[in-house]
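Source file: protein39.pdb (PDB, N, CA and C atoms)
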ATOM      1  N   GLU A   1       2.174  19.767  20.183
ATOM      2  CA  GLU A   1       3.085  18.628  20.068
ATOM      3  C   GLU A   1       3.703  18.637  18.675
ATOM      4  N   SER A   2       4.970  18.372  18.616
ATOM      5  CA  SER A   2       5.674  18.385  17.341
ATOM      6  C   SER A   2       6.670  17.242  17.289
ATOM      7  N   PHE A   3       6.849  16.682  16.101
ATOM      8  CA  PHE A   3       7.835  15.626  15.891
ATOM      9  C   PHE A   3       8.906  16.188  14.978
ATOM     10  N   GLU A   4      10.110  16.259  15.455
ATOM     11  CA  GLU A   4      11.213  16.801  14.677
ATOM     12  C   GLU A   4      11.951  15.688  13.956
ATOM     13  N   ASN A   5      12.071  15.802  12.652
ATOM     14  CA  ASN A   5      12.886  14.889  11.845
ATOM     15  C   ASN A   5      12.615  13.416  12.135
ATOM     16  N   ASN A   6      11.364  13.038  12.194
ATOM     17  CA  ASN A   6      10.901  11.652  12.314
ATOM     18  C   ASN A   6      11.566  10.856  13.427
ATOM     19  N   ALA A   7      11.815  11.463  14.564
ATOM     20  CA  ALA A   7      12.506  10.808  15.684
ATOM     21  C   ALA A   7      11.772   9.570  16.183
ATOM     22  N   PHE A   8      10.456   9.511  15.997
ATOM     23  CA  PHE A   8       9.669   8.412  16.548
ATOM     24  C   PHE A   8       9.180   7.422  15.490
ATOM     25  N   VAL A   9       9.676   7.527  14.287
ATOM     26  CA  VAL A   9       9.239   6.660  13.197
ATOM     27  C   VAL A   9      10.322   5.617  12.924
ATOM     28  N   PRO A  10       9.983   4.327  13.044
ATOM     29  CA  PRO A  10      10.987   3.282  12.773
ATOM     30  C   PRO A  10      11.514   3.365  11.345
ATOM     31  N   LYS A  11      12.800   3.265  11.183
ATOM     32  CA  LYS A  11      13.436   3.397   9.867
ATOM     33  C   LYS A  11      13.074   2.255   8.915
ATOM     34  N   THR A  12      12.604   1.119   9.443
ATOM     35  CA  THR A  12      12.281  -0.045   8.610
ATOM     36  C   THR A  12      10.822  -0.062   8.156
ATOM     37  N   LEU A  13      10.052   0.906   8.540
ATOM     38  CA  LEU A  13       8.634   0.971   8.193
ATOM     39  C   LEU A  13       8.451   1.091   6.682
ATOM     40  N   THR A  14       7.544   0.271   6.092
ATOM     41  CA  THR A  14       7.284   0.364   4.653
ATOM     42  C   THR A  14       5.867   0.863   4.348
ATOM     43  N   TYR A  15       4.945   0.765   5.305
ATOM     44  CA  TYR A  15       3.564   1.240   5.124
ATOM     45  C   TYR A  15       3.144   1.954   6.391
ATOM     46  N   ILE A  16       2.442   3.064   6.213
ATOM     47  CA  ILE A  16       1.907   3.753   7.382
ATOM     48  C   ILE A  16       0.566   4.383   7.037
ATOM     49  N   LYS A  17      -0.368   4.293   7.983
ATOM     50  CA  LYS A  17      -1.646   4.984   7.887
ATOM     51  C   LYS A  17      -1.621   6.063   8.956
ATOM     52  N   ILE A  18      -1.756   7.311   8.528
ATOM     53  CA  ILE A  18      -1.582   8.450   9.414
ATOM     54  C   ILE A  18      -2.933   9.002   9.832
ATOM     55  N   GLY A  19      -3.132   9.123  11.137
ATOM     56  CA  GLY A  19      -4.332   9.723  11.697
ATOM     57  C   GLY A  19      -3.996  11.046  12.355
ATOM     58  N   GLY A  20      -4.850  11.476  13.257
ATOM     59  CA  GLY A  20      -4.639  12.769  13.898
ATOM     60  C   GLY A  20      -5.038  13.886  12.960
ATOM     61  N   THR A  21      -4.618  15.107  13.283
ATOM     62  CA  THR A  21      -4.981  16.236  12.434
ATOM     63  C   THR A  21      -3.808  16.837  11.679
ATOM     64  N   ASN A  22      -2.578  16.597  12.152
ATOM     65  CA  ASN A  22      -1.412  17.231  11.540
ATOM     66  C   ASN A  22      -0.328  16.229  11.175
ATOM     67  N   ILE A  23       0.237  16.418  10.003
ATOM     68  CA  ILE A  23       1.486  15.769   9.627
ATOM     69  C   ILE A  23       2.498  16.910   9.665
ATOM     70  N   TYR A  24       3.360  16.888  10.652
ATOM     71  CA  TYR A  24       4.241  18.014  10.925
ATOM     72  C   TYR A  24       5.382  18.139   9.919
ATOM     73  N   ASP A  25       6.000  19.320   9.904
ATOM     74  CA  ASP A  25       7.169  19.569   9.063
ATOM     75  C   ASP A  25       8.215  18.483   9.290
ATOM     76  N   ASN A  26       8.762  17.953   8.208
ATOM     77  CA  ASN A  26       9.860  16.971   8.247
ATOM     78  C   ASN A  26       9.508  15.641   8.914
ATOM     79  N   MET A  27       8.250  15.361   9.130
ATOM     80  CA  MET A  27       7.856  14.188   9.917
ATOM     81  C   MET A  27       8.376  12.866   9.344
ATOM     82  N   PHE A  28       8.383  12.729   8.025
ATOM     83  CA  PHE A  28       8.865  11.493   7.401
ATOM     84  C   PHE A  28      10.063  11.765   6.493
ATOM     85  N   PHE A  29      10.729  12.863   6.699
ATOM     86  CA  PHE A  29      11.864  13.309   5.893
ATOM     87  C   PHE A  29      12.930  12.214   5.803
ATOM     88  N   GLY A  30      13.254  11.802   4.588
ATOM     89  CA  GLY A  30      14.362  10.896   4.358
ATOM     90  C   GLY A  30      14.169   9.451   4.777
ATOM     91  N   LEU A  31      12.939   9.033   5.047
ATOM     92  CA  LEU A  31      12.705   7.623   5.409
ATOM     93  C   LEU A  31      12.657   6.807   4.123
ATOM     94  N   GLU A  32      13.761   6.231   3.786
ATOM     95  CA  GLU A  32      13.931   5.596   2.482
ATOM     96  C   GLU A  32      13.158   4.300   2.307
ATOM     97  N   ASN A  33      12.735   3.619   3.369
ATOM     98  CA  ASN A  33      12.040   2.341   3.231
ATOM     99  C   ASN A  33      10.533   2.470   3.070
ATOM    100  N   ILE A  34       9.972   3.631   3.355
ATOM    101  CA  ILE A  34       8.517   3.789   3.233
ATOM    102  C   ILE A  34       8.113   3.682   1.769
ATOM    103  N   GLU A  35       7.143   2.795   1.490
ATOM    104  CA  GLU A  35       6.648   2.591   0.131
ATOM    105  C   GLU A  35       5.230   3.112  -0.047
ATOM    106  N   GLN A  36       4.404   3.018   1.010
ATOM    107  CA  GLN A  36       2.998   3.426   0.909
ATOM    108  C   GLN A  36       2.604   4.240   2.131
ATOM    109  N   ILE A  37       1.916   5.364   1.863
ATOM    110  CA  ILE A  37       1.396   6.212   2.925
ATOM    111  C   ILE A  37      -0.052   6.519   2.620
ATOM    112  N   GLU A  38      -0.875   6.442   3.648
ATOM    113  CA  GLU A  38      -2.302   6.751   3.541
ATOM    114  C   GLU A  38      -2.683   7.612   4.734
ATOM    115  N   THR A  39      -3.519   8.613   4.506
ATOM    116  CA  THR A  39      -4.007   9.413   5.623
ATOM    117  C   THR A  39      -5.462   9.048   5.913
ATOM    118  N   THR A  40      -5.862   9.273   7.155
ATOM    119  CA  THR A  40      -7.274   9.121   7.500
ATOM    120  C   THR A  40      -7.997  10.416   7.142
ATOM    121  N   LYS A  41      -9.291  10.427   7.281
ATOM    122  CA  LYS A  41     -10.077  11.612   6.962
ATOM    123  C   LYS A  41      -9.911  12.726   7.985
ATOM    124  N   THR A  42      -9.232  12.453   9.098
ATOM    125  CA  THR A  42      -9.050  13.467  10.133
ATOM    126  C   THR A  42      -7.877  14.403   9.880
ATOM    127  N   VAL A  43      -6.960  14.035   8.988
ATOM    128  CA  VAL A  43      -5.781  14.868   8.723
ATOM    129  C   VAL A  43      -6.207  16.136   7.995
ATOM    130  N   LYS A  44      -5.799  17.289   8.542
ATOM    131  CA  LYS A  44      -6.161  18.585   7.966
ATOM    132  C   LYS A  44      -4.960  19.363   7.454
ATOM    133  N   TYR A  45      -3.758  19.045   7.936
ATOM    134  CA  TYR A  45      -2.565  19.815   7.610
ATOM    135  C   TYR A  45      -1.413  18.880   7.284
ATOM    136  N   ILE A  46      -0.715  19.164   6.184
ATOM    137  CA  ILE A  46       0.503  18.440   5.821
ATOM    138  C   ILE A  46       1.621  19.473   5.764
ATOM    139  N   GLY A  47       2.607  19.328   6.641
ATOM    140  CA  GLY A  47       3.664  20.323   6.792
ATOM    141  C   GLY A  47       4.727  20.285   5.720
ATOM    142  N   ASN A  48       5.565  21.304   5.742
ATOM    143  CA  ASN A  48       6.679  21.423   4.808
ATOM    144  C   ASN A  48       7.583  20.196   4.882
ATOM    145  N   ASN A  49       8.023  19.736   3.732
ATOM    146  CA  ASN A  49       8.980  18.622   3.636
ATOM    147  C   ASN A  49       8.485  17.331   4.283
ATOM    148  N   ALA A  50       7.190  17.170   4.438
ATOM    149  CA  ALA A  50       6.637  16.031   5.182
ATOM    150  C   ALA A  50       7.145  14.680   4.691
ATOM    151  N   PHE A  51       7.254  14.496   3.377
ATOM    152  CA  PHE A  51       7.699  13.220   2.808
ATOM    153  C   PHE A  51       8.964  13.393   1.959
ATOM    154  N   TYR A  52       9.638  14.477   2.150
ATOM    155  CA  TYR A  52      10.839  14.843   1.396
ATOM    156  C   TYR A  52      11.871  13.716   1.408
ATOM    157  N   ASN A  53      12.341  13.355   0.226
ATOM    158  CA  ASN A  53      13.397  12.355   0.054
ATOM    159  C   ASN A  53      13.020  10.949   0.542
ATOM    160  N   CYS A  54      11.743  10.616   0.491
ATOM    161  CA  CYS A  54      11.311   9.231   0.757
ATOM    162  C   CYS A  54      11.478   8.493  -0.571
ATOM    163  N   LYS A  55      12.671   8.047  -0.814
ATOM    164  CA  LYS A  55      13.083   7.555  -2.125
ATOM    165  C   LYS A  55      12.287   6.369  -2.653
ATOM    166  N   ASN A  56      11.764   5.521  -1.780
ATOM    167  CA  ASN A  56      11.023   4.332  -2.218
ATOM    168  C   ASN A  56       9.513   4.501  -2.144
ATOM    169  N   LEU A  57       9.039   5.702  -1.841
ATOM    170  CA  LEU A  57       7.601   5.947  -1.783
ATOM    171  C   LEU A  57       7.008   5.779  -3.176
ATOM    172  N   THR A  58       6.060   4.840  -3.310
ATOM    173  CA  THR A  58       5.400   4.611  -4.595
ATOM    174  C   THR A  58       3.938   5.034  -4.578
ATOM    175  N   THR A  59       3.311   5.053  -3.388
ATOM    176  CA  THR A  59       1.875   5.322  -3.300
ATOM    177  C   THR A  59       1.582   6.285  -2.156
ATOM    178  N   LEU A  60       0.842   7.359  -2.457
ATOM    179  CA  LEU A  60       0.382   8.295  -1.436
ATOM    180  C   LEU A  60      -1.100   8.531  -1.647
ATOM    181  N   ASN A  61      -1.906   8.178  -0.651
ATOM    182  CA  ASN A  61      -3.355   8.389  -0.692
ATOM    183  C   ASN A  61      -3.731   9.375   0.405
ATOM    184  N   ILE A  62      -4.220  10.545  -0.003
ATOM    185  CA  ILE A  62      -4.640  11.576   0.949
ATOM    186  C   ILE A  62      -6.154  11.603   0.954
ATOM    187  N   ASN A  63      -6.738  11.297   2.095
ATOM    188  CA  ASN A  63      -8.191  11.256   2.246
ATOM    189  C   ASN A  63      -8.665  12.450   3.062
ATOM    190  N   GLY A  64      -9.932  12.729   3.018
ATOM    191  CA  GLY A  64     -10.497  13.771   3.847
ATOM    192  C   GLY A  64     -10.371  15.163   3.258
ATOM    193  N   TYR A  65     -10.440  16.154   4.139
ATOM    194  CA  TYR A  65     -10.424  17.558   3.746
ATOM    195  C   TYR A  65      -9.136  18.197   4.262
ATOM    196  N   ILE A  66      -8.185  18.406   3.376
ATOM    197  CA  ILE A  66      -6.913  19.014   3.742
ATOM    198  C   ILE A  66      -7.052  20.527   3.613
ATOM    199  N   GLU A  67      -6.766  21.242   4.702
ATOM    200  CA  GLU A  67      -6.882  22.694   4.698
ATOM    201  C   GLU A  67      -5.605  23.381   4.242
ATOM    202  N   LYS A  68      -4.451  22.753   4.481
ATOM    203  CA  LYS A  68      -3.189  23.378   4.092
ATOM    204  C   LYS A  68      -2.152  22.309   3.791
ATOM    205  N   ILE A  69      -1.446  22.483   2.684
ATOM    206  CA  ILE A  69      -0.338  21.599   2.305
ATOM    207  C   ILE A  69       0.908  22.464   2.200
ATOM    208  N   GLY A  70       1.968  22.061   2.898
ATOM    209  CA  GLY A  70       3.216  22.810   2.906
ATOM    210  C   GLY A  70       4.016  22.631   1.623
ATOM    211  N   ALA A  71       5.154  23.267   1.605
ATOM    212  CA  ALA A  71       6.045  23.245   0.449
ATOM    213  C   ALA A  71       6.897  21.983   0.429
ATOM    214  N   TYR A  72       7.231  21.538  -0.747
ATOM    215  CA  TYR A  72       8.176  20.446  -0.979
ATOM    216  C   TYR A  72       7.774  19.128  -0.300
ATOM    217  N   ILE A  73       6.496  18.846  -0.196
ATOM    218  CA  ILE A  73       6.086  17.623   0.516
ATOM    219  C   ILE A  73       6.538  16.359  -0.199
ATOM    220  N   LEU A  74       6.703  16.402  -1.509
ATOM    221  CA  LEU A  74       7.101  15.206  -2.263
ATOM    222  C   LEU A  74       8.429  15.381  -2.994
ATOM    223  N   TYR A  75       9.207  16.343  -2.611
ATOM    224  CA  TYR A  75      10.480  16.600  -3.275
ATOM    225  C   TYR A  75      11.410  15.399  -3.129
ATOM    226  N   LYS A  76      12.000  14.979  -4.222
ATOM    227  CA  LYS A  76      12.905  13.833  -4.306
ATOM    228  C   LYS A  76      12.213  12.491  -4.045
ATOM    229  N   CYS A  77      10.914  12.426  -4.202
ATOM    230  CA  CYS A  77      10.177  11.153  -4.150
ATOM    231  C   CYS A  77      10.072  10.655  -5.586
ATOM    232  N   LEU A  78      11.169  10.208  -6.114
ATOM    233  CA  LEU A  78      11.283   9.926  -7.541
ATOM    234  C   LEU A  78      10.582   8.655  -7.996
ATOM    235  N   ASN A  79      10.186   7.783  -7.081
ATOM    236  CA  ASN A  79       9.522   6.530  -7.452
ATOM    237  C   ASN A  79       8.010   6.583  -7.273
ATOM    238  N   LEU A  80       7.459   7.761  -6.977
ATOM    239  CA  LEU A  80       6.033   7.889  -6.776
ATOM    240  C   LEU A  80       5.279   7.560  -8.059
ATOM    241  N   LYS A  81       4.377   6.587  -7.974
ATOM    242  CA  LYS A  81       3.603   6.137  -9.143
ATOM    243  C   LYS A  81       2.115   6.427  -8.991
ATOM    244  N   SER A  82       1.645   6.505  -7.732
ATOM    245  CA  SER A  82       0.224   6.725  -7.481
ATOM    246  C   SER A  82       0.053   7.787  -6.404
ATOM    247  N   PHE A  83      -0.664   8.859  -6.758
ATOM    248  CA  PHE A  83      -0.938   9.950  -5.825
ATOM    249  C   PHE A  83      -2.423  10.257  -5.930
ATOM    250  N   LYS A  84      -3.176   9.911  -4.889
ATOM    251  CA  LYS A  84      -4.626  10.094  -4.901
ATOM    252  C   LYS A  84      -5.018  11.060  -3.791
ATOM    253  N   MET A  85      -5.927  11.975  -4.155
ATOM    254  CA  MET A  85      -6.449  12.921  -3.184
ATOM    255  C   MET A  85      -7.958  12.799  -3.157
ATOM    256  N   GLY A  86      -8.533  12.873  -1.965
ATOM    257  CA  GLY A  86      -9.984  12.791  -1.817
ATOM    258  C   GLY A  86     -10.688  13.924  -2.529
ATOM    259  N   ALA A  87     -11.961  13.764  -2.725
ATOM    260  CA  ALA A  87     -12.758  14.751  -3.463
ATOM    261  C   ALA A  87     -12.797  16.103  -2.759
ATOM    262  N   ASN A  88     -12.595  16.102  -1.446
ATOM    263  CA  ASN A  88     -12.678  17.342  -0.686
ATOM    264  C   ASN A  88     -11.330  18.010  -0.468
ATOM    265  N   VAL A  89     -10.301  17.558  -1.141
ATOM    266  CA  VAL A  89      -8.960  18.122  -0.914
ATOM    267  C   VAL A  89      -8.813  19.390  -1.718
TER     268      VAL A  89
END

The structure given in the file should be rewritten as structure tokens.
Amino acid sequence: ESFENNAFVPKTLTYIKIGGTNIYDNMFFGLENIEQIETTKTVKYIGNNAFYNCKNLTTLNINGYIEKIGAYILYKCLNLKSFKMGANV
């Protein structure tokens, strides 16, 4: 299963807690209203450009054991103030 260019993510969303095992390529690309993102401990993969150009993203908390992080996941996230990764990342 794949989500292309955040087709299923409401554009007005400001906070999201992500579960499952994968954050696919471009999943939150360009969602300008998102301010806070948190992953559950089940997430293992963060795809390329996952949060690319999320201009209002201020907080990203990655929990659990991430096995692979793609390229440019935070590119153009210029307002990011807090980026936390779990001890097992």

Counting only N, CA and C atoms, closest pick from A:Cys54, A:Ile23, A:Ile69, A:Ile18 relative to Glu35 (chain A) is A:Cys54

Counting only N, CA and C atoms, closest pick from A:Leu78, A:Ile62, A:Ile73, A:Leu13 relative to Thr40 (chain A) is A:Ile62

**OP:** Considering all atoms listed in the file, state which residue in the set A:Met85, A:Ala50, A:Ile66, A:Ile34 is at the smallest distance from Lys11 (chain A).
**Re:**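 Once distances to Lys11 (chain A) are computed over all atoms listed in the file, the minimum belongs to A:Ile34.
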
- [ ] Identify which of the residues A:Lys41, A:Lys55, A:Lys17, A:Lys68 lies closest to Gly86 (chain A), counting only C-alpha atoms when measuring atom-to-atom distances.
- [x]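 The shortest atom-to-atom distance to Gly86 (chain A) comes from A:Lys41.
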
> Between CA of Ile16 (chain A) and CA of Ala71 (chain A), what is the spacing in Å?
Replying inline: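 Computed distance, CA of Ala71 (chain A) to CA of Ile16 (chain A), equals 21.1 Å.
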
Item to complete: Let me know the residues the PyMOL selection byres (((chain A and resi 75 and name CA) around 12) and name CA) catches in the file above, as JSON, numbers by chain.
Response: {"A": [26, 28, 29, 30, 48, 49, 50, 51, 52, 53, 54, 55, 57, 70, 71, 72, 73, 74, 76, 77, 78, 79, 80]}

If you run DSSP on this backbone, which residues of chain A come out as strand (DSSP E or B), and could you give them as a PyMOL selection string?
-> chain A and resi 15-18+22-23+36-39+45-46+59-62+68-69+82-85

Could you write out the selected residues, including N, CA and C atoms, as a JSON list (two decimals), in the frame of the given file?
[["chain", "number", "residue", "atom", "x", "y", "z"],
["A", 15, "TYR", "N", 4.94, 0.76, 5.30],
["A", 15, "TYR", "CA", 3.56, 1.24, 5.12],
["A", 15, "TYR", "C", 3.14, 1.95, 6.39],
["A", 16, "ILE", "N", 2.44, 3.06, 6.21],
["A", 16, "ILE", "CA", 1.91, 3.75, 7.38],
["A", 16, "ILE", "C", 0.57, 4.38, 7.04],
["A", 17, "LYS", "N", -0.37, 4.29, 7.98],
["A", 17, "LYS", "CA", -1.65, 4.98, 7.89],
["A", 17, "LYS", "C", -1.62, 6.06, 8.96],
["A", 18, "ILE", "N", -1.76, 7.31, 8.53],
["A", 18, "ILE", "CA", -1.58, 8.45, 9.41],
["A", 18, "ILE", "C", -2.93, 9.00, 9.83],
["A", 22, "ASN", "N", -2.58, 16.60, 12.15],
["A", 22, "ASN", "CA", -1.41, 17.23, 11.54],
["A", 22, "ASN", "C", -0.33, 16.23, 11.18],
["A", 23, "ILE", "N", 0.24, 16.42, 10.00],
["A", 23, "ILE", "CA", 1.49, 15.77, 9.63],
["A", 23, "ILE", "C", 2.50, 16.91, 9.66],
["A", 36, "GLN", "N", 4.40, 3.02, 1.01],
["A", 36, "GLN", "CA", 3.00, 3.43, 0.91],
["A", 36, "GLN", "C", 2.60, 4.24, 2.13],
["A", 37, "ILE", "N", 1.92, 5.36, 1.86],
["A", 37, "ILE", "CA", 1.40, 6.21, 2.92],
["A", 37, "ILE", "C", -0.05, 6.52, 2.62],
["A", 38, "GLU", "N", -0.88, 6.44, 3.65],
["A", 38, "GLU", "CA", -2.30, 6.75, 3.54],
["A", 38, "GLU", "C", -2.68, 7.61, 4.73],
["A", 39, "THR", "N", -3.52, 8.61, 4.51],
["A", 39, "THR", "CA", -4.01, 9.41, 5.62],
["A", 39, "THR", "C", -5.46, 9.05, 5.91],
["A", 45, "TYR", "N", -3.76, 19.05, 7.94],
["A", 45, "TYR", "CA", -2.56, 19.82, 7.61],
["A", 45, "TYR", "C", -1.41, 18.88, 7.28],
["A", 46, "ILE", "N", -0.72, 19.16, 6.18],
["A", 46, "ILE", "CA", 0.50, 18.44, 5.82],
["A", 46, "ILE", "C", 1.62, 19.47, 5.76],
["A", 59, "THR", "N", 3.31, 5.05, -3.39],
["A", 59, "THR", "CA", 1.88, 5.32, -3.30],
["A", 59, "THR", "C", 1.58, 6.28, -2.16],
["A", 60, "LEU", "N", 0.84, 7.36, -2.46],
["A", 60, "LEU", "CA", 0.38, 8.30, -1.44],
["A", 60, "LEU", "C", -1.10, 8.53, -1.65],
["A", 61, "ASN", "N", -1.91, 8.18, -0.65],
["A", 61, "ASN", "CA", -3.36, 8.39, -0.69],
["A", 61, "ASN", "C", -3.73, 9.38, 0.40],
["A", 62, "ILE", "N", -4.22, 10.54, 0.00],
["A", 62, "ILE", "CA", -4.64, 11.58, 0.95],
["A", 62, "ILE", "C", -6.15, 11.60, 0.95],
["A", 68, "LYS", "N", -4.45, 22.75, 4.48],
["A", 68, "LYS", "CA", -3.19, 23.38, 4.09],
["A", 68, "LYS", "C", -2.15, 22.31, 3.79],
["A", 69, "ILE", "N", -1.45, 22.48, 2.68],
["A", 69, "ILE", "CA", -0.34, 21.60, 2.31],
["A", 69, "ILE", "C", 0.91, 22.46, 2.20],
["A", 82, "SER", "N", 1.64, 6.50, -7.73],
["A", 82, "SER", "CA", 0.22, 6.72, -7.48],
["A", 82, "SER", "C", 0.05, 7.79, -6.40],
["A", 83, "PHE", "N", -0.66, 8.86, -6.76],
["A", 83, "PHE", "CA", -0.94, 9.95, -5.82],
["A", 83, "PHE", "C", -2.42, 10.26, -5.93],
["A", 84, "LYS", "N", -3.18, 9.91, -4.89],
["A", 84, "LYS", "CA", -4.63, 10.09, -4.90],
["A", 84, "LYS", "C", -5.02, 11.06, -3.79],
["A", 85, "MET", "N", -5.93, 11.98, -4.16],
["A", 85, "MET", "CA", -6.45, 12.92, -3.18],
["A", 85, "MET", "C", -7.96, 12.80, -3.16]]

Notebook entry, point to check: Counting only C-alpha atoms, what is within 7 Å of Thr42 (chain A), bar same-chain residues fewer than 2 positions away, as a PyMOL selection string?
Noted result: chain A and resi 19-21+40+44+64

Can you spit out the residues from that selection as a PDB file, in the coordinates of the input, using N, CA and C atoms?
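Saved result, out-v1.pdb, follows:
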ATOM      1  N   GLY A  19      -3.132   9.123  11.137  1.00  0.00           N
ATOM      2  CA  GLY A  19      -4.332   9.723  11.697  1.00  0.00           C
ATOM      3  C   GLY A  19      -3.996  11.046  12.355  1.00  0.00           C
ATOM      4  N   GLY A  20      -4.850  11.476  13.257  1.00  0.00           N
ATOM      5  CA  GLY A  20      -4.639  12.769  13.898  1.00  0.00           C
ATOM      6  C   GLY A  20      -5.038  13.886  12.960  1.00  0.00           C
ATOM      7  N   THR A  21      -4.618  15.107  13.283  1.00  0.00           N
ATOM      8  CA  THR A  21      -4.981  16.236  12.434  1.00  0.00           C
ATOM      9  C   THR A  21      -3.808  16.837  11.679  1.00  0.00           C
ATOM     10  N   THR A  40      -5.862   9.273   7.155  1.00  0.00           N
ATOM     11  CA  THR A  40      -7.274   9.121   7.500  1.00  0.00           C
ATOM     12  C   THR A  40      -7.997  10.416   7.142  1.00  0.00           C
ATOM     13  N   LYS A  44      -5.799  17.289   8.542  1.00  0.00           N
ATOM     14  CA  LYS A  44      -6.161  18.585   7.966  1.00  0.00           C
ATOM     15  C   LYS A  44      -4.960  19.363   7.454  1.00  0.00           C
ATOM     16  N   GLY A  64      -9.932  12.729   3.018  1.00  0.00           N
ATOM     17  CA  GLY A  64     -10.497  13.771   3.847  1.00  0.00           C
ATOM     18  C   GLY A  64     -10.371  15.163   3.258  1.00  0.00           C
TER      19      GLY A  64
END

How many Å separate CA of Asn22 (chain A) from atom C of Phe83 (chain A)?
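The value is 18.8 Å.
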
_With distances taken over only C-alpha atoms, which residue among A:Pro10, A:Glu32, A:Tyr15, A:Leu60 lies nearest Lys81 (chain A)?_
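Among A:Pro10, A:Glu32, A:Tyr15, A:Leu60, it is A:Leu60 that comes nearest to Lys81 (chain A).
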
Just how far from atom C of Asn63 (chain A) is CA of Ile37 (chain A), in Å to one decimal?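 Between these atoms lies a distance of 11.8 Å.
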
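Proximity of A:Ile46, A:Ser82, A:Glu38, A:Thr12 to Thr58 (chain A), computed with all atoms listed in the file, is greatest for A:Ser82.
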
As lines of an AutoDock Vina configuration file, please report the centre and edge lengths, rounded to one decimal in Å, of the axis-aligned box that holds all listed atoms of region 37-53 of chain A with 8 Å of padding on each of the six sides.
center_x = 1.7
center_y = 13.4
center_z = 5.1
size_x = 39.5
size_y = 32.1
size_z = 26.1
